[in-house]
$ cat structure_32.cif   # mmCIF, C-alpha atoms; chains and numbers go by the auth columns
data_model
loop_
_atom_site.group_PDB
_atom_site.id
_atom_site.type_symbol
_atom_site.label_atom_id
_atom_site.label_comp_id
_atom_site.label_asym_id
_atom_site.label_seq_id
_atom_site.Cartn_x
_atom_site.Cartn_y
_atom_site.Cartn_z
_atom_site.B_iso_or_equiv
_atom_site.auth_seq_id
_atom_site.auth_asym_id
ATOM 1 C CA GLY A 1 83.028 117.523 95.793 0.00 1 A
ATOM 2 C CA GLU A 2 83.384 119.190 99.162 0.00 2 A
ATOM 3 C CA ASN A 3 81.725 117.631 102.200 0.00 3 A
ATOM 4 C CA VAL A 4 81.414 119.375 105.565 0.00 4 A
ATOM 5 C CA GLU A 5 80.709 117.468 108.772 0.00 5 A
ATOM 6 C CA GLN A 6 79.569 119.385 111.872 0.00 6 A
ATOM 7 C CA HIS A 7 79.434 118.237 115.508 0.00 7 A
ATOM 8 C CA PRO A 8 77.620 118.169 117.803 0.00 8 A
ATOM 9 C CA SER A 9 74.120 118.462 116.385 0.00 9 A
ATOM 10 C CA THR A 10 72.827 119.806 119.713 0.00 10 A
ATOM 11 C CA LEU A 11 74.693 121.515 122.539 0.00 11 A
ATOM 12 C CA SER A 12 73.364 122.711 125.869 0.00 12 A
ATOM 13 C CA VAL A 13 75.459 124.897 128.183 0.00 13 A
ATOM 14 C CA GLN A 14 74.928 127.003 131.280 0.00 14 A
ATOM 15 C CA GLU A 15 75.052 130.758 130.932 0.00 15 A
ATOM 16 C CA GLY A 16 78.632 131.937 131.339 0.00 16 A
ATOM 17 C CA ASP A 17 80.195 128.675 130.166 0.00 17 A
ATOM 18 C CA SER A 18 82.038 128.251 126.869 0.00 18 A
ATOM 19 C CA ALA A 19 80.674 126.462 123.820 0.00 19 A
ATOM 20 C CA VAL A 20 82.697 124.793 121.075 0.00 20 A
ATOM 21 C CA ILE A 21 81.368 123.582 117.728 0.00 21 A
ATOM 22 C CA LYS A 22 83.604 121.608 115.395 0.00 22 A
ATOM 23 C CA CYS A 23 83.600 121.072 111.655 0.00 23 A
ATOM 24 C CA THR A 24 85.699 118.999 109.296 0.00 24 A
ATOM 25 C CA TYR A 25 85.965 119.384 105.547 0.00 25 A
ATOM 26 C CA SER A 26 87.078 117.015 102.841 0.00 26 A
ATOM 27 C CA ASP A 27 88.565 119.137 100.043 0.00 27 A
ATOM 28 C CA SER A 28 92.042 120.393 100.851 0.00 28 A
ATOM 29 C CA ALA A 29 91.559 123.164 98.247 0.00 29 A
ATOM 30 C CA SER A 30 88.897 124.842 100.418 0.00 30 A
ATOM 31 C CA ASN A 31 90.187 128.162 101.675 0.00 31 A
ATOM 32 C CA TYR A 32 87.222 130.099 103.066 0.00 32 A
ATOM 33 C CA PHE A 33 85.353 129.060 106.231 0.00 33 A
ATOM 34 C CA PRO A 34 82.420 131.155 107.471 0.00 34 A
ATOM 35 C CA TRP A 35 80.118 130.597 110.412 0.00 35 A
ATOM 36 C CA TYR A 36 76.454 131.551 110.376 0.00 36 A
ATOM 37 C CA LYS A 37 73.970 132.018 113.222 0.00 37 A
ATOM 38 C CA GLN A 38 70.292 131.358 112.591 0.00 38 A
ATOM 39 C CA GLU A 39 67.819 132.636 115.136 0.00 39 A
ATOM 40 C CA LEU A 40 64.299 131.292 115.234 0.00 40 A
ATOM 41 C CA GLY A 41 62.232 132.485 112.281 0.00 41 A
ATOM 42 C CA LYS A 42 65.133 134.261 110.596 0.00 42 A
ATOM 43 C CA GLY A 43 67.645 133.637 107.877 0.00 43 A
ATOM 44 C CA PRO A 44 71.245 132.683 108.731 0.00 44 A
ATOM 45 C CA GLN A 45 73.531 135.610 109.504 0.00 45 A
ATOM 46 C CA LEU A 46 77.293 135.671 109.041 0.00 46 A
ATOM 47 C CA ILE A 47 79.005 136.042 112.431 0.00 47 A
ATOM 48 C CA ILE A 48 82.645 135.348 111.648 0.00 48 A
ATOM 49 C CA ASP A 49 84.765 133.913 108.874 0.00 49 A
ATOM 50 C CA ILE A 50 88.348 132.821 108.365 0.00 50 A
ATOM 51 C CA ARG A 51 90.516 132.299 105.342 0.00 51 A
ATOM 52 C CA SER A 52 93.201 129.680 105.049 0.00 52 A
ATOM 53 C CA ASN A 53 96.080 132.087 105.411 0.00 53 A
ATOM 54 C CA VAL A 54 95.354 132.555 109.126 0.00 54 A
ATOM 55 C CA GLY A 55 94.985 130.070 111.968 0.00 55 A
ATOM 56 C CA GLU A 56 92.733 131.996 114.331 0.00 56 A
ATOM 57 C CA LYS A 57 90.399 134.975 114.311 0.00 57 A
ATOM 58 C CA LYS A 58 88.588 136.639 117.209 0.00 58 A
ATOM 59 C CA ASP A 59 85.689 139.022 117.480 0.00 59 A
ATOM 60 C CA GLN A 60 84.759 139.837 121.075 0.00 60 A
ATOM 61 C CA ARG A 61 83.334 136.632 122.600 0.00 61 A
ATOM 62 C CA ILE A 62 83.578 134.496 119.484 0.00 62 A
ATOM 63 C CA ALA A 63 86.639 133.007 117.852 0.00 63 A
ATOM 64 C CA VAL A 64 87.331 130.594 115.036 0.00 64 A
ATOM 65 C CA THR A 65 90.363 128.353 114.707 0.00 65 A
ATOM 66 C CA LEU A 66 91.529 126.556 111.590 0.00 66 A
ATOM 67 C CA ASN A 67 93.799 123.526 111.286 0.00 67 A
ATOM 68 C CA LYS A 68 94.547 123.090 107.593 0.00 68 A
ATOM 69 C CA THR A 69 96.603 119.956 108.092 0.00 69 A
ATOM 70 C CA ALA A 70 93.791 118.157 109.880 0.00 70 A
ATOM 71 C CA LYS A 71 91.139 119.870 107.738 0.00 71 A
ATOM 72 C CA HIS A 72 89.048 121.034 110.633 0.00 72 A
ATOM 73 C CA PHE A 73 87.882 124.326 112.035 0.00 73 A
ATOM 74 C CA SER A 74 86.029 125.259 115.196 0.00 74 A
ATOM 75 C CA LEU A 75 83.814 127.996 116.599 0.00 75 A
ATOM 76 C CA HIS A 76 84.425 129.031 120.201 0.00 76 A
ATOM 77 C CA ILE A 77 81.936 131.136 122.139 0.00 77 A
ATOM 78 C CA THR A 78 83.047 132.320 125.566 0.00 78 A
ATOM 79 C CA GLU A 79 80.889 133.671 128.409 0.00 79 A
ATOM 80 C CA THR A 80 77.741 132.434 126.714 0.00 80 A
ATOM 81 C CA GLN A 81 74.519 134.375 127.123 0.00 81 A
ATOM 82 C CA PRO A 82 70.892 133.333 126.529 0.00 82 A
ATOM 83 C CA GLU A 83 70.844 135.388 123.317 0.00 83 A
ATOM 84 C CA ASP A 84 73.538 133.089 121.932 0.00 84 A
ATOM 85 C CA SER A 85 70.867 130.365 121.718 0.00 85 A
ATOM 86 C CA ALA A 86 70.421 129.622 118.015 0.00 86 A
ATOM 87 C CA VAL A 87 71.384 127.192 115.274 0.00 87 A
ATOM 88 C CA TYR A 88 74.956 127.611 114.076 0.00 88 A
ATOM 89 C CA PHE A 89 76.173 126.514 110.656 0.00 89 A
ATOM 90 C CA CYS A 90 79.726 126.139 109.465 0.00 90 A
ATOM 91 C CA ALA A 91 80.559 126.219 105.766 0.00 91 A
ATOM 92 C CA ALA A 92 83.500 125.843 103.410 0.00 92 A
ATOM 93 C CA SER A 93 84.286 126.948 99.902 0.00 93 A
ATOM 94 C CA ILE A 94 87.071 127.172 97.372 0.00 94 A
ATOM 95 C CA ASP A 95 87.906 130.613 96.076 0.00 95 A
ATOM 96 C CA GLY A 96 87.246 131.192 92.418 0.00 96 A
ATOM 97 C CA GLY A 97 84.806 130.228 89.660 0.00 97 A
ATOM 98 C CA SER A 98 81.986 127.785 90.208 0.00 98 A
ATOM 99 C CA GLN A 99 83.912 126.253 93.076 0.00 99 A
ATOM 100 C CA GLY A 100 83.184 129.346 95.116 0.00 100 A
ATOM 101 C CA ASN A 101 79.853 127.951 96.280 0.00 101 A
ATOM 102 C CA LEU A 102 79.421 127.503 100.004 0.00 102 A
ATOM 103 C CA ILE A 103 78.916 123.960 101.291 0.00 103 A
ATOM 104 C CA PHE A 104 77.232 123.950 104.693 0.00 104 A
ATOM 105 C CA GLY A 105 77.381 121.605 107.648 0.00 105 A
ATOM 106 C CA LYS A 106 74.081 120.298 109.010 0.00 106 A
ATOM 107 C CA GLY A 107 73.980 122.744 111.892 0.00 107 A
ATOM 108 C CA THR A 108 74.309 122.763 115.685 0.00 108 A
ATOM 109 C CA LYS A 109 71.438 123.831 117.899 0.00 109 A
ATOM 110 C CA LEU A 110 72.957 125.689 120.856 0.00 110 A
ATOM 111 C CA SER A 111 70.856 126.215 123.979 0.00 111 A
ATOM 112 C CA VAL A 112 72.171 128.496 126.715 0.00 112 A
ATOM 113 C CA LYS A 113 70.372 127.968 130.001 0.00 113 A
ATOM 114 C CA PRO A 114 70.076 130.955 132.381 0.00 114 A
ATOM 115 C CA GLU B 1 68.927 149.144 104.490 0.00 1 B
ATOM 116 C CA ALA B 2 70.976 146.485 102.683 0.00 2 B
ATOM 117 C CA GLN B 3 68.876 143.384 102.455 0.00 3 B
ATOM 118 C CA VAL B 4 67.613 140.362 100.570 0.00 4 B
ATOM 119 C CA THR B 5 63.826 140.306 100.311 0.00 5 B
ATOM 120 C CA GLN B 6 61.875 137.126 99.713 0.00 6 B
ATOM 121 C CA ASN B 7 58.160 136.833 99.059 0.00 7 B
ATOM 122 C CA PRO B 8 55.986 135.310 100.201 0.00 8 B
ATOM 123 C CA ARG B 9 57.072 134.382 103.744 0.00 9 B
ATOM 124 C CA TYR B 10 54.548 131.559 103.950 0.00 10 B
ATOM 125 C CA LEU B 11 52.829 129.653 101.167 0.00 11 B
ATOM 126 C CA ILE B 12 50.505 126.660 101.138 0.00 12 B
ATOM 127 C CA THR B 13 49.733 125.228 97.718 0.00 13 B
ATOM 128 C CA VAL B 14 48.443 122.086 96.064 0.00 14 B
ATOM 129 C CA THR B 15 50.378 119.507 94.109 0.00 15 B
ATOM 130 C CA GLY B 16 50.951 120.541 90.508 0.00 16 B
ATOM 131 C CA LYS B 17 50.046 124.209 90.790 0.00 17 B
ATOM 132 C CA LYS B 18 52.899 126.315 89.447 0.00 18 B
ATOM 133 C CA LEU B 19 54.347 128.856 91.833 0.00 19 B
ATOM 134 C CA THR B 20 57.124 131.431 91.972 0.00 20 B
ATOM 135 C CA VAL B 21 59.039 132.616 95.013 0.00 21 B
ATOM 136 C CA THR B 22 60.598 135.998 94.427 0.00 22 B
ATOM 137 C CA CYS B 23 63.991 137.179 95.671 0.00 23 B
ATOM 138 C CA SER B 24 65.372 140.672 95.348 0.00 24 B
ATOM 139 C CA GLN B 25 68.558 142.264 96.696 0.00 25 B
ATOM 140 C CA ASN B 26 69.488 145.946 96.876 0.00 26 B
ATOM 141 C CA MET B 27 73.260 145.593 97.318 0.00 27 B
ATOM 142 C CA ASN B 28 74.259 145.295 93.640 0.00 28 B
ATOM 143 C CA HIS B 29 75.590 141.796 94.335 0.00 29 B
ATOM 144 C CA GLU B 30 76.602 139.664 91.363 0.00 30 B
ATOM 145 C CA TYR B 31 76.178 136.287 93.063 0.00 31 B
ATOM 146 C CA MET B 32 72.784 134.926 94.129 0.00 32 B
ATOM 147 C CA SER B 33 71.728 131.492 95.285 0.00 33 B
ATOM 148 C CA TRP B 34 68.756 129.464 96.506 0.00 34 B
ATOM 149 C CA TYR B 35 68.909 126.981 99.359 0.00 35 B
ATOM 150 C CA ARG B 36 66.388 124.694 100.959 0.00 36 B
ATOM 151 C CA GLN B 37 66.557 123.840 104.652 0.00 37 B
ATOM 152 C CA ASP B 38 65.176 120.568 105.959 0.00 38 B
ATOM 153 C CA PRO B 39 65.430 119.101 109.485 0.00 39 B
ATOM 154 C CA GLY B 40 68.602 117.069 109.879 0.00 40 B
ATOM 155 C CA LEU B 41 69.836 117.962 106.388 0.00 41 B
ATOM 156 C CA GLY B 42 70.995 121.525 106.891 0.00 42 B
ATOM 157 C CA LEU B 43 71.165 123.934 103.962 0.00 43 B
ATOM 158 C CA ARG B 44 71.314 122.413 100.498 0.00 44 B
ATOM 159 C CA GLN B 45 71.917 124.489 97.401 0.00 45 B
ATOM 160 C CA ILE B 46 69.289 124.374 94.653 0.00 46 B
ATOM 161 C CA TYR B 47 70.588 126.819 92.010 0.00 47 B
ATOM 162 C CA TYR B 48 73.009 129.681 91.892 0.00 48 B
ATOM 163 C CA SER B 49 73.818 132.570 89.588 0.00 49 B
ATOM 164 C CA MET B 50 77.191 134.256 89.238 0.00 50 B
ATOM 165 C CA ASN B 51 75.778 137.169 87.255 0.00 51 B
ATOM 166 C CA VAL B 52 72.954 138.235 84.924 0.00 52 B
ATOM 167 C CA GLU B 53 71.956 135.465 82.510 0.00 53 B
ATOM 168 C CA VAL B 54 74.417 133.045 84.176 0.00 54 B
ATOM 169 C CA THR B 55 72.807 130.273 86.226 0.00 55 B
ATOM 170 C CA ASP B 56 73.869 126.784 87.245 0.00 56 B
ATOM 171 C CA LYS B 57 72.611 123.808 89.199 0.00 57 B
ATOM 172 C CA GLY B 58 73.436 123.241 92.827 0.00 58 B
ATOM 173 C CA ASP B 59 73.148 119.968 94.689 0.00 59 B
ATOM 174 C CA VAL B 60 69.349 119.498 94.575 0.00 60 B
ATOM 175 C CA PRO B 61 68.032 121.198 91.377 0.00 61 B
ATOM 176 C CA GLU B 62 65.377 118.643 90.384 0.00 62 B
ATOM 177 C CA GLY B 63 61.896 120.144 90.179 0.00 63 B
ATOM 178 C CA TYR B 64 63.094 123.761 90.253 0.00 64 B
ATOM 179 C CA LYS B 65 63.856 126.476 87.726 0.00 65 B
ATOM 180 C CA VAL B 66 65.449 129.885 88.081 0.00 66 B
ATOM 181 C CA SER B 67 66.091 132.917 85.942 0.00 67 B
ATOM 182 C CA ARG B 68 68.385 135.927 86.260 0.00 68 B
ATOM 183 C CA LYS B 69 67.224 138.587 83.828 0.00 69 B
ATOM 184 C CA GLU B 70 68.220 141.462 86.110 0.00 70 B
ATOM 185 C CA LYS B 71 70.994 141.746 88.631 0.00 71 B
ATOM 186 C CA ARG B 72 68.732 142.382 91.601 0.00 72 B
ATOM 187 C CA ASN B 73 66.153 139.589 91.055 0.00 73 B
ATOM 188 C CA PHE B 74 66.493 135.820 91.194 0.00 74 B
ATOM 189 C CA PRO B 75 63.084 134.098 91.263 0.00 75 B
ATOM 190 C CA LEU B 76 62.668 130.410 92.111 0.00 76 B
ATOM 191 C CA ILE B 77 60.050 128.626 90.023 0.00 77 B
ATOM 192 C CA LEU B 78 58.327 125.356 90.853 0.00 78 B
ATOM 193 C CA GLU B 79 56.568 124.292 87.662 0.00 79 B
ATOM 194 C CA SER B 80 54.720 121.340 89.218 0.00 80 B
ATOM 195 C CA PRO B 81 55.218 121.309 92.994 0.00 81 B
ATOM 196 C CA SER B 82 55.153 118.005 94.839 0.00 82 B
ATOM 197 C CA PRO B 83 54.877 117.281 98.587 0.00 83 B
ATOM 198 C CA ASN B 84 58.621 116.476 98.804 0.00 84 B
ATOM 199 C CA GLN B 85 59.281 120.130 97.998 0.00 85 B
ATOM 200 C CA THR B 86 57.695 121.148 101.274 0.00 86 B
ATOM 201 C CA SER B 87 60.576 122.969 102.921 0.00 87 B
ATOM 202 C CA LEU B 88 62.010 126.254 104.165 0.00 88 B
ATOM 203 C CA TYR B 89 63.646 128.155 101.319 0.00 89 B
ATOM 204 C CA PHE B 90 66.327 130.813 101.545 0.00 90 B
ATOM 205 C CA CYS B 91 67.700 133.168 98.952 0.00 91 B
ATOM 206 C CA ALA B 92 71.182 134.584 99.451 0.00 92 B
ATOM 207 C CA SER B 93 73.472 137.024 97.686 0.00 93 B
ATOM 208 C CA SER B 94 77.169 137.817 97.747 0.00 94 B
ATOM 209 C CA PRO B 95 79.416 140.419 96.094 0.00 95 B
ATOM 210 C CA ARG B 96 82.120 139.894 93.482 0.00 96 B
ATOM 211 C CA GLY B 97 80.370 137.018 91.719 0.00 97 B
ATOM 212 C CA ARG B 98 81.437 134.464 94.280 0.00 98 B
ATOM 213 C CA ALA B 99 80.059 132.982 97.476 0.00 99 B
ATOM 214 C CA ASN B 100 83.159 133.414 99.581 0.00 100 B
ATOM 215 C CA TYR B 101 82.818 137.084 100.384 0.00 101 B
ATOM 216 C CA GLY B 102 79.978 136.503 102.804 0.00 102 B
ATOM 217 C CA TYR B 103 76.386 135.644 102.045 0.00 103 B
ATOM 218 C CA THR B 104 73.465 137.857 102.994 0.00 104 B
ATOM 219 C CA PHE B 105 70.370 135.695 103.454 0.00 105 B
ATOM 220 C CA GLY B 106 66.722 136.561 103.096 0.00 106 B
ATOM 221 C CA SER B 107 64.253 135.827 105.894 0.00 107 B
ATOM 222 C CA GLY B 108 63.007 132.635 104.285 0.00 108 B
ATOM 223 C CA THR B 109 59.889 131.264 102.617 0.00 109 B
ATOM 224 C CA ARG B 110 58.104 128.377 104.290 0.00 110 B
ATOM 225 C CA LEU B 111 56.428 126.338 101.560 0.00 111 B
ATOM 226 C CA THR B 112 53.895 123.583 102.169 0.00 112 B
ATOM 227 C CA VAL B 113 52.708 121.454 99.236 0.00 113 B
ATOM 228 C CA VAL B 114 49.616 119.360 99.953 0.00 114 B
#
$ encode --input "structure_32.cif" --output "structure tokens"
Amino acid sequence: GENVEQHPSTLSVQEGDSAVIKCTYSDSASNYFPWYKQELGKGPQLIIDIRSNVGEKKDQRIAVTLNKTAKHFSLHITETQPEDSAVYFCAASIDGGSQGNLIFGKGTKLSVKP
Amino acid sequence: EAQVTQNPRYLITVTGKKLTVTCSQNMNHEYMSWYRQDPGLGLRQIYYSMNVEVTDKGDVPEGYKVSRKEKRNFPLILESPSPNQTSLYFCASSPRGRANYGYTFGSGTRLTVV
């Protein structure tokens, strides 16, 4: 089955710097890659996703890139702010049937220092 | 407001005492799923349901049961809880009977089994 590896497990940056979180996946049939942000005491919330027919997607200060050949995808946060501090999860899934379940990475705890 | 509602938010129970964690969504989503979150292990899927009366095991189903009698509800049942089921539990839902159209998560249920 699918396996998703996420690095780093913790990341500390200064406010205004960029943050990059990387994930690799094992099943080349995976074609949907969402990223979730979990703030303290809350459930994960979808912040951006990408499908395998595109290589990059941006939404204001966040962007996701996908390299299908290398089977890895990354989350980029620019001009980080203290409210970006949270745990971020990447995930992967295969479209269709029972294979549509999301498999999550183990998470990255991002700390943005003022 | 579109949401997934879990109850209770916190629960302390004793080994062997049956309990049910409820999950309800108001978005008419076909797909629902339960995850447990443990430190260092990320989010692991317990059970999922692609529609009413259709349920299947995830990666860590042992010791849990689910039912899907109505579209909006997906309760998680622990028939005989044990301390290793102490965890943070999340319910999630997604449209179109598949996970890869974006999950909406509940706020979580923190369960302690003593």
$ closest_residue --input "structure_32.cif" --among "B:Ser67, B:Ser49, B:Asn73, B:Ser87" --to "Gln6 in chain B" --atoms "all atoms listed in the file"
B:Asn73
$ atom_distance --input "structure_32.cif" --atom1 "CA of Leu11 in chain B" --atom2 "CA of Val113 in chain B"
8.4 Å
$ closest_atom_pairs --input "structure_32.cif" --of "chain B" --to "chain A" --cutoff "12 Å" --atoms "all atoms listed in the file" --output "JSON lines"
{"residue": "B:Gln3", "atom": "CA", "partner": "A:Gly43", "partner_atom": "CA", "distance": 11.2}
{"residue": "B:Val4", "atom": "CA", "partner": "A:Gly43", "partner_atom": "CA", "distance": 9.9}
{"residue": "B:Thr5", "atom": "CA", "partner": "A:Gly43", "partner_atom": "CA", "distance": 10.8}
{"residue": "B:Gln6", "atom": "CA", "partner": "A:Gly43", "partner_atom": "CA", "distance": 10.6}
{"residue": "B:Arg9", "atom": "CA", "partner": "A:Gly41", "partner_atom": "CA", "distance": 10.2}
{"residue": "B:Tyr10", "atom": "CA", "partner": "A:Gly41", "partner_atom": "CA", "distance": 11.4}
{"residue": "B:Tyr31", "atom": "CA", "partner": "A:Asn101", "partner_atom": "CA", "distance": 9.7}
{"residue": "B:Met32", "atom": "CA", "partner": "A:Asn101", "partner_atom": "CA", "distance": 10.2}
{"residue": "B:Ser33", "atom": "CA", "partner": "A:Asn101", "partner_atom": "CA", "distance": 8.9}
{"residue": "B:Trp34", "atom": "CA", "partner": "A:Asn101", "partner_atom": "CA", "distance": 11.2}
{"residue": "B:Tyr35", "atom": "CA", "partner": "A:Phe104", "partner_atom": "CA", "distance": 10.3}
{"residue": "B:Arg36", "atom": "CA", "partner": "A:Gly43", "partner_atom": "CA", "distance": 11.4}
{"residue": "B:Gln37", "atom": "CA", "partner": "A:Lys106", "partner_atom": "CA", "distance": 9.4}
{"residue": "B:Asp38", "atom": "CA", "partner": "A:Lys106", "partner_atom": "CA", "distance": 9.4}
{"residue": "B:Pro39", "atom": "CA", "partner": "A:Lys106", "partner_atom": "CA", "distance": 8.7}
{"residue": "B:Gly40", "atom": "CA", "partner": "A:Lys106", "partner_atom": "CA", "distance": 6.4}
{"residue": "B:Leu41", "atom": "CA", "partner": "A:Lys106", "partner_atom": "CA", "distance": 5.5}
{"residue": "B:Gly42", "atom": "CA", "partner": "A:Lys106", "partner_atom": "CA", "distance": 3.9}
{"residue": "B:Leu43", "atom": "CA", "partner": "A:Phe104", "partner_atom": "CA", "distance": 6.1}
{"residue": "B:Arg44", "atom": "CA", "partner": "A:Phe104", "partner_atom": "CA", "distance": 7.4}
{"residue": "B:Gln45", "atom": "CA", "partner": "A:Ile103", "partner_atom": "CA", "distance": 8.0}
{"residue": "B:Ile46", "atom": "CA", "partner": "A:Asn101", "partner_atom": "CA", "distance": 11.3}
{"residue": "B:Tyr47", "atom": "CA", "partner": "A:Asn101", "partner_atom": "CA", "distance": 10.3}
{"residue": "B:Tyr48", "atom": "CA", "partner": "A:Asn101", "partner_atom": "CA", "distance": 8.3}
{"residue": "B:Ser49", "atom": "CA", "partner": "A:Ser98", "partner_atom": "CA", "distance": 9.5}
{"residue": "B:Met50", "atom": "CA", "partner": "A:Ser98", "partner_atom": "CA", "distance": 8.1}
{"residue": "B:Asn51", "atom": "CA", "partner": "A:Ser98", "partner_atom": "CA", "distance": 11.6}
{"residue": "B:Val54", "atom": "CA", "partner": "A:Ser98", "partner_atom": "CA", "distance": 11.0}
{"residue": "B:Thr55", "atom": "CA", "partner": "A:Ser98", "partner_atom": "CA", "distance": 10.3}
{"residue": "B:Asp56", "atom": "CA", "partner": "A:Ser98", "partner_atom": "CA", "distance": 8.7}
{"residue": "B:Lys57", "atom": "CA", "partner": "A:Ser98", "partner_atom": "CA", "distance": 10.2}
{"residue": "B:Gly58", "atom": "CA", "partner": "A:Asn101", "partner_atom": "CA", "distance": 8.7}
{"residue": "B:Asp59", "atom": "CA", "partner": "A:Ile103", "partner_atom": "CA", "distance": 9.6}
{"residue": "B:Leu88", "atom": "CA", "partner": "A:Gly43", "partner_atom": "CA", "distance": 10.0}
{"residue": "B:Tyr89", "atom": "CA", "partner": "A:Gly43", "partner_atom": "CA", "distance": 9.4}
{"residue": "B:Phe90", "atom": "CA", "partner": "A:Gly43", "partner_atom": "CA", "distance": 7.1}
{"residue": "B:Cys91", "atom": "CA", "partner": "A:Gly43", "partner_atom": "CA", "distance": 8.9}
{"residue": "B:Ala92", "atom": "CA", "partner": "A:Gly43", "partner_atom": "CA", "distance": 9.2}
{"residue": "B:Ser93", "atom": "CA", "partner": "A:Asn101", "partner_atom": "CA", "distance": 11.2}
{"residue": "B:Ser94", "atom": "CA", "partner": "A:Asn101", "partner_atom": "CA", "distance": 10.3}
{"residue": "B:Pro95", "atom": "CA", "partner": "A:Gly100", "partner_atom": "CA", "distance": 11.7}
{"residue": "B:Arg96", "atom": "CA", "partner": "A:Gly96", "partner_atom": "CA", "distance": 10.2}
{"residue": "B:Gly97", "atom": "CA", "partner": "A:Gly97", "partner_atom": "CA", "distance": 8.4}
{"residue": "B:Arg98", "atom": "CA", "partner": "A:Gly100", "partner_atom": "CA", "distance": 5.5}
{"residue": "B:Ala99", "atom": "CA", "partner": "A:Asn101", "partner_atom": "CA", "distance": 5.2}
{"residue": "B:Asn100", "atom": "CA", "partner": "A:Gly100", "partner_atom": "CA", "distance": 6.0}
{"residue": "B:Tyr101", "atom": "CA", "partner": "A:Tyr32", "partner_atom": "CA", "distance": 8.7}
{"residue": "B:Gly102", "atom": "CA", "partner": "A:Leu46", "partner_atom": "CA", "distance": 6.8}
{"residue": "B:Tyr103", "atom": "CA", "partner": "A:Leu46", "partner_atom": "CA", "distance": 7.1}
{"residue": "B:Thr104", "atom": "CA", "partner": "A:Gln45", "partner_atom": "CA", "distance": 6.9}
{"residue": "B:Phe105", "atom": "CA", "partner": "A:Gly43", "partner_atom": "CA", "distance": 5.6}
{"residue": "B:Gly106", "atom": "CA", "partner": "A:Gly43", "partner_atom": "CA", "distance": 5.7}
{"residue": "B:Ser107", "atom": "CA", "partner": "A:Gly43", "partner_atom": "CA", "distance": 4.5}
{"residue": "B:Gly108", "atom": "CA", "partner": "A:Gly43", "partner_atom": "CA", "distance": 6.0}
{"residue": "B:Thr109", "atom": "CA", "partner": "A:Gly43", "partner_atom": "CA", "distance": 9.7}
{"residue": "B:Arg110", "atom": "CA", "partner": "A:Gly41", "partner_atom": "CA", "distance": 9.9}
$ resolve_selection --input "structure_32.cif" --expression "the PyMOL selection byres ((chain B and resi 64) around 8)" --output "list in words"
Ile46, Pro61, Glu62, Gly63, Lys65, Val66, Leu76, Ile77, Leu78 and Glu79 of chain B
$ resolve_selection --input "structure_32.cif" --expression "the PyMOL selection byres ((chain B and resi 80) around 7)" --output "MDAnalysis selection string"
chainID B and resid 15:18 78:79 81:82
$ atom_distance --input "structure_32.cif" --atom1 "CA of Gly16 in chain A" --atom2 "CA of Leu110 in chain A"
13.5 Å
$ atom_distance --input "structure_32.cif" --atom1 "CA of His72 in chain A" --atom2 "CA of Asp27 in chain A"
10.8 Å
$ closest_residue --input "structure_32.cif" --among "B:Asn7, B:Thr13, B:Thr22, B:Asn28" --to "Pro83 in chain B" --atoms "all atoms listed in the file"
B:Thr13
$ resolve_selection --input "structure_32.cif" --expression "the PyMOL selection byres ((chain A and resi 52-57) around 7)" --output "JSON, numbers by chain"
{"A": [31, 32, 50, 51, 58, 59, 63, 64, 65, 66, 67]}
$ residues_around --input "structure_32.cif" --residues "Glu70 in chain B" --least-positions-apart "2" --cutoff "8 Å" --atoms "all atoms listed in the file" --output "ChimeraX atom specification"
/B:52-53,68,72-74
$ write_last_selection --input "structure_32.cif" --atoms "C-alpha atoms" --output "mmCIF file, in the frame of the given file"
data_model
loop_
_atom_site.group_PDB
_atom_site.id
_atom_site.type_symbol
_atom_site.label_atom_id
_atom_site.label_comp_id
_atom_site.auth_asym_id
_atom_site.auth_seq_id
_atom_site.Cartn_x
_atom_site.Cartn_y
_atom_site.Cartn_z
ATOM 1 C CA VAL B 52 72.954 138.235 84.924
ATOM 2 C CA GLU B 53 71.956 135.465 82.510
ATOM 3 C CA ARG B 68 68.385 135.927 86.260
ATOM 4 C CA ARG B 72 68.732 142.382 91.601
ATOM 5 C CA ASN B 73 66.153 139.589 91.055
ATOM 6 C CA PHE B 74 66.493 135.820 91.194
#
$ axis_aligned_box --input "structure_32.cif" --around "range 47-54 of chain B" --padding-each-side "4 Å" --output "AutoDock Vina command-line options"
--center_x 73.9 --center_y 132.5 --center_z 87.3 --size_x 14.6 --size_y 19.4 --size_z 17.5
$ decode --input "structure_32.cif" --residues "range 32-38 of chain B" --atoms "N, CA and C atoms" --output "compact mmCIF listing (two decimals), in the first residue's frame"
# COMPACT_ATOMS: atom_id res chain seq x y z
N MET B 32 -17.18 9.05 4.91
CA MET B 32 -16.81 9.41 6.28
C MET B 32 -15.73 8.46 6.78
N SER B 33 -14.93 8.94 7.71
CA SER B 33 -13.79 8.15 8.16
C SER B 33 -13.43 8.51 9.59
N TRP B 34 -12.82 7.56 10.29
CA TRP B 34 -12.28 7.80 11.63
C TRP B 34 -10.77 7.61 11.60
N TYR B 35 -10.08 8.55 12.29
CA TYR B 35 -8.65 8.48 12.44
C TYR B 35 -8.30 8.58 13.92
N ARG B 36 -7.17 8.00 14.29
CA ARG B 36 -6.60 8.26 15.59
C ARG B 36 -5.25 8.94 15.41
N GLN B 37 -4.94 9.87 16.31
CA GLN B 37 -3.69 10.62 16.23
C GLN B 37 -2.89 10.38 17.49
N ASP B 38 -1.69 9.85 17.30
CA ASP B 38 -0.79 9.57 18.41
C ASP B 38 0.54 10.25 18.16
